[in-house]
Amino acid sequence: MSDMSPTTIDFDTVTGASEAADPLTRTLKSLDGYFYDADAFSAAMAEDDALIYEYFDMGVPETSGNVAYGTTSIKPGKVGDEYFMTKGHFHTVLDTAEVYYCLSGHGGMMMETPEGKVEWREMKKGDVVYVPGRWAHRSINISATEPFVMFFAFPGHAGHDYGTIATKGFRKLMVERDGKPTMVDNPRWNG
Ligand SMILES: [Fe+2]
């Protein structure tokens, strides 16, 4: 089949990658500095460097003609009262979008622009969130029991800028207050 394809990648390589790929994992330790409650983070680390999330990247070439895609699964849990979440990022090519489709669980997408607009979109199975270009995005699991699993796709050349969020954080956080997911200002925001 590949000899019929004009693309830069072998068709069978891309479509078969899902069977071969190992998940990339992020444990609590790799999220040091991301949760607002540093004491709760230290207490959690003393117990266990728990798995927070994992994702499968299908290894599509990072060129503008390709669509990078994969799945991500965020475990249920909290550090203090803040729900488990991904690090979150801007795209290096800022004006590139991304689509997320919820496969299972209950969570949401925290988004913000460099200028300070903020959007939170709650997601359950079958919900889609379109993250427009320029918006940083972080996935958050607000279920107490279930993993939050999503399919994602974005332009191959988008790239990932993790540094801006690592330095500044997001303006808003999702925490449990009175037993409910609640969006609050990030007391450690460093913009
Ligand atoms: Fe992204």
# chains A, B, ... in the order shown; residues from 1 in each chain; ligands from 1
call {"tool": "residues_near_ligand", "arguments": {"ligand": "ligand 1", "cutoff": "7 Å", "atoms": "only C-alpha atoms and all ligand atoms", "output": "list in words"}}
result
His89, Phe90, His91, Glu98, His137, Phe154 and His160 of chain A
call {"tool": "write_last_selection", "arguments": {"atoms": "C-alpha atoms", "output": "PDB file, in the first residue's frame"}}
result
ATOM      1  CA  HIS A  89       0.743  23.897  27.316  1.00  0.00           C
ATOM      2  CA  PHE A  90       0.570  26.428  24.524  1.00  0.00           C
ATOM      3  CA  HIS A  91       1.502  25.288  21.046  1.00  0.00           C
ATOM      4  CA  GLU A  98      -6.543  21.084  18.671  1.00  0.00           C
ATOM      5  CA  HIS A 137      -5.005  23.967  27.403  1.00  0.00           C
ATOM      6  CA  PHE A 154      -3.668  18.709  16.190  1.00  0.00           C
ATOM      7  CA  HIS A 160       4.579  22.157  22.465  1.00  0.00           C
TER       8      HIS A 160
END
call {"tool": "closest_residue", "arguments": {"among": "A:His157, A:Arg177, A:Lys168, A:Arg188", "to": "A:Val67", "atoms": "only C-alpha atoms"}}
result
A:His157
call {"tool": "closest_residue", "arguments": {"among": "A:Ser139, A:Gly105, A:Lys29, A:Gly163", "to": "A:Lys125", "atoms": "only C-alpha atoms"}}
result
A:Gly105
call {"tool": "residues_around", "arguments": {"residues": "stretch 74-81 of chain A", "least_positions_apart": "2", "cutoff": "8 Å", "atoms": "only C-alpha atoms", "output": "JSON list (two decimals) with N, CA and C atoms, in the first residue's frame"}}
result
[["chain", "number", "residue", "atom", "x", "y", "z"],
["A", 35, "PHE", "N", 0.83, 21.91, 41.25],
["A", 35, "PHE", "CA", -0.33, 22.00, 42.14],
["A", 35, "PHE", "C", -0.10, 23.15, 43.13],
["A", 37, "ASP", "N", -1.06, 23.66, 46.21],
["A", 37, "ASP", "CA", -0.85, 23.36, 47.63],
["A", 37, "ASP", "C", 0.46, 22.56, 47.79],
["A", 40, "ALA", "N", 0.45, 19.82, 50.55],
["A", 40, "ALA", "CA", -0.30, 18.63, 50.13],
["A", 40, "ALA", "C", 0.51, 17.83, 49.12],
["A", 41, "PHE", "N", 1.23, 18.53, 48.24],
["A", 41, "PHE", "CA", 2.06, 17.85, 47.26],
["A", 41, "PHE", "C", 3.16, 17.04, 47.95],
["A", 44, "ALA", "N", 1.70, 13.99, 49.60],
["A", 44, "ALA", "CA", 1.35, 12.97, 48.60],
["A", 44, "ALA", "C", 2.61, 12.26, 48.10],
["A", 51, "LEU", "N", 1.05, 7.53, 39.61],
["A", 51, "LEU", "CA", 0.79, 7.85, 38.20],
["A", 51, "LEU", "C", -0.36, 8.86, 38.12],
["A", 52, "ILE", "N", -0.14, 9.97, 37.45],
["A", 52, "ILE", "CA", -1.18, 10.99, 37.31],
["A", 52, "ILE", "C", -1.85, 10.89, 35.94],
["A", 53, "TYR", "N", -1.02, 10.80, 34.88],
["A", 53, "TYR", "CA", -1.63, 10.62, 33.56],
["A", 53, "TYR", "C", -0.65, 9.95, 32.61],
["A", 54, "GLU", "N", -1.21, 9.41, 31.55],
["A", 54, "GLU", "CA", -0.39, 8.81, 30.51],
["A", 54, "GLU", "C", -1.00, 9.15, 29.17],
["A", 72, "THR", "N", -5.18, 10.28, 25.68],
["A", 72, "THR", "CA", -4.63, 10.60, 26.99],
["A", 72, "THR", "C", -5.60, 10.10, 28.06],
["A", 83, "TYR", "N", -7.78, 18.84, 41.68],
["A", 83, "TYR", "CA", -7.92, 17.60, 40.91],
["A", 83, "TYR", "C", -6.68, 17.28, 40.08],
["A", 84, "PHE", "N", -6.44, 15.98, 39.89],
["A", 84, "PHE", "CA", -5.35, 15.54, 39.01],
["A", 84, "PHE", "C", -5.56, 16.16, 37.63],
["A", 85, "MET", "N", -4.45, 16.51, 37.00],
["A", 85, "MET", "CA", -4.51, 17.26, 35.73],
["A", 85, "MET", "C", -3.22, 17.05, 34.95],
["A", 86, "THR", "N", -3.25, 17.47, 33.70],
["A", 86, "THR", "CA", -2.03, 17.48, 32.89],
["A", 86, "THR", "C", -1.27, 18.78, 33.15],
["A", 139, "SER", "N", -5.97, 19.40, 30.61],
["A", 139, "SER", "CA", -7.07, 18.47, 30.88],
["A", 139, "SER", "C", -7.11, 18.17, 32.37],
["A", 140, "ILE", "N", -8.31, 18.14, 32.93],
["A", 140, "ILE", "CA", -8.48, 17.94, 34.37],
["A", 140, "ILE", "C", -9.56, 16.88, 34.61],
["A", 141, "ASN", "N", -9.26, 15.92, 35.47],
["A", 141, "ASN", "CA", -10.22, 14.87, 35.80],
["A", 141, "ASN", "C", -11.00, 15.25, 37.06],
["A", 142, "ILE", "N", -12.29, 15.49, 36.93],
["A", 142, "ILE", "CA", -13.09, 15.89, 38.10],
["A", 142, "ILE", "C", -13.93, 14.72, 38.65],
["A", 143, "SER", "N", -13.68, 13.51, 38.17],
["A", 143, "SER", "CA", -14.35, 12.33, 38.72],
["A", 143, "SER", "C", -13.54, 11.80, 39.90],
["A", 144, "ALA", "N", -14.23, 11.32, 40.91],
["A", 144, "ALA", "CA", -13.54, 10.76, 42.08],
["A", 144, "ALA", "C", -13.10, 9.32, 41.83],
["A", 145, "THR", "N", -13.65, 8.69, 40.83],
["A", 145, "THR", "CA", -13.44, 7.25, 40.69],
["A", 145, "THR", "C", -12.91, 6.78, 39.33],
["A", 146, "GLU", "N", -13.21, 7.51, 38.27],
["A", 146, "GLU", "CA", -12.94, 7.01, 36.92],
["A", 146, "GLU", "C", -11.80, 7.77, 36.23],
["A", 147, "PRO", "N", -11.01, 7.10, 35.40],
["A", 147, "PRO", "CA", -10.07, 7.83, 34.54],
["A", 147, "PRO", "C", -10.84, 8.72, 33.55],
["A", 148, "PHE", "N", -10.23, 9.81, 33.17],
["A", 148, "PHE", "CA", -10.79, 10.72, 32.17],
["A", 148, "PHE", "C", -9.97, 10.50, 30.89],
["A", 149, "VAL", "N", -10.62, 9.94, 29.88],
["A", 149, "VAL", "CA", -9.90, 9.49, 28.68],
["A", 149, "VAL", "C", -10.37, 10.26, 27.46],
["A", 175, "VAL", "N", -10.77, 23.01, 41.78],
["A", 175, "VAL", "CA", -10.63, 22.40, 43.10],
["A", 175, "VAL", "C", -11.99, 21.90, 43.56],
["A", 176, "GLU", "N", -11.96, 21.01, 44.55],
["A", 176, "GLU", "CA", -13.23, 20.55, 45.13],
["A", 176, "GLU", "C", -13.57, 21.45, 46.32],
["A", 177, "ARG", "N", -14.75, 22.06, 46.24],
["A", 177, "ARG", "CA", -15.24, 22.89, 47.35],
["A", 177, "ARG", "C", -16.67, 22.48, 47.64]]
call {"tool": "residues_around", "arguments": {"residues": "A:Ala158", "least_positions_apart": "2", "cutoff": "7 Å", "atoms": "only C-alpha atoms", "output": "ChimeraX atom specification"}}
result
/A:91-93,96,155-156,160
call {"tool": "closest_residue", "arguments": {"among": "A:Met123, A:Arg171, A:Ala166, A:Pro132", "to": "A:Ser30", "atoms": "only C-alpha atoms"}}
result
A:Ala166
call {"tool": "residues_around", "arguments": {"residues": "A:Gly169", "least_positions_apart": "2", "cutoff": "8 Å", "atoms": "only C-alpha atoms", "output": "PyMOL selection string"}}
result
chain A and resi 34+164-167+171+186+188-191
call {"tool": "closest_residue", "arguments": {"among": "A:Ser73, A:Thr25, A:Thr113, A:Thr182", "to": "A:Gly133", "atoms": "only C-alpha atoms"}}
result
A:Thr113
call {"tool": "select_by_dssp", "arguments": {"residues": "stretch 32-181 of chain A", "states": "strand (DSSP E)", "output": "VMD selection string"}}
result
chain A and resid 51 to 57 67 to 74 78 to 79 82 to 83 90 to 91 98 to 104 106 to 112 118 to 124 128 to 131 136 to 141 148 to 155 160 to 161 172 to 177 180 to 181
call {"tool": "residues_around", "arguments": {"residues": "A:Val131", "least_positions_apart": "4", "cutoff": "8 Å", "atoms": "only C-alpha atoms", "output": "JSON, numbers by chain"}}
result
{"A": [97, 98, 99, 100, 111, 135, 137]}
call {"tool": "write_last_selection", "arguments": {"atoms": "N, CA and C atoms", "output": "compact mmCIF listing (two decimals), in the first residue's frame"}}
result
# COMPACT_ATOMS: atom_id res chain seq x y z
N ALA A 97 -4.66 24.96 16.32
CA ALA A 97 -5.77 24.48 17.15
C ALA A 97 -5.61 23.01 17.51
N GLU A 98 -6.54 22.49 18.29
CA GLU A 98 -6.54 21.08 18.67
C GLU A 98 -7.98 20.66 18.95
N VAL A 99 -8.28 19.41 18.69
CA VAL A 99 -9.60 18.86 18.98
C VAL A 99 -9.45 17.75 20.01
N TYR A 100 -10.31 17.77 21.01
CA TYR A 100 -10.36 16.71 22.02
C TYR A 100 -11.75 16.09 22.03
N MET A 111 -8.76 26.39 29.64
CA MET A 111 -8.09 27.08 28.53
C MET A 111 -7.89 28.55 28.89
N TRP A 135 -4.83 29.37 22.37
CA TRP A 135 -5.32 29.03 23.72
C TRP A 135 -4.47 27.92 24.34
N HIS A 137 -3.99 24.94 27.01
CA HIS A 137 -5.01 23.97 27.40
C HIS A 137 -4.44 22.93 28.36
call {"tool": "atom_distance", "arguments": {"atom1": "atom CA of A:Asp39", "atom2": "atom CA of A:Trp120"}}
result
26.2 Å
call {"tool": "closest_residue", "arguments": {"among": "A:Lys124, A:Arg134, A:His106, A:Arg26", "to": "A:Asp161", "atoms": "only C-alpha atoms"}}
result
A:Arg134
call {"tool": "closest_residue", "arguments": {"among": "A:Glu122, A:Pro187, A:Ala136, A:Ala153", "to": "A:Tyr69", "atoms": "only C-alpha atoms"}}
result
A:Ala153
call {"tool": "atom_distance", "arguments": {"atom1": "atom CA of A:Val60", "atom2": "atom CA of A:Asp22"}}
result
14.4 Å
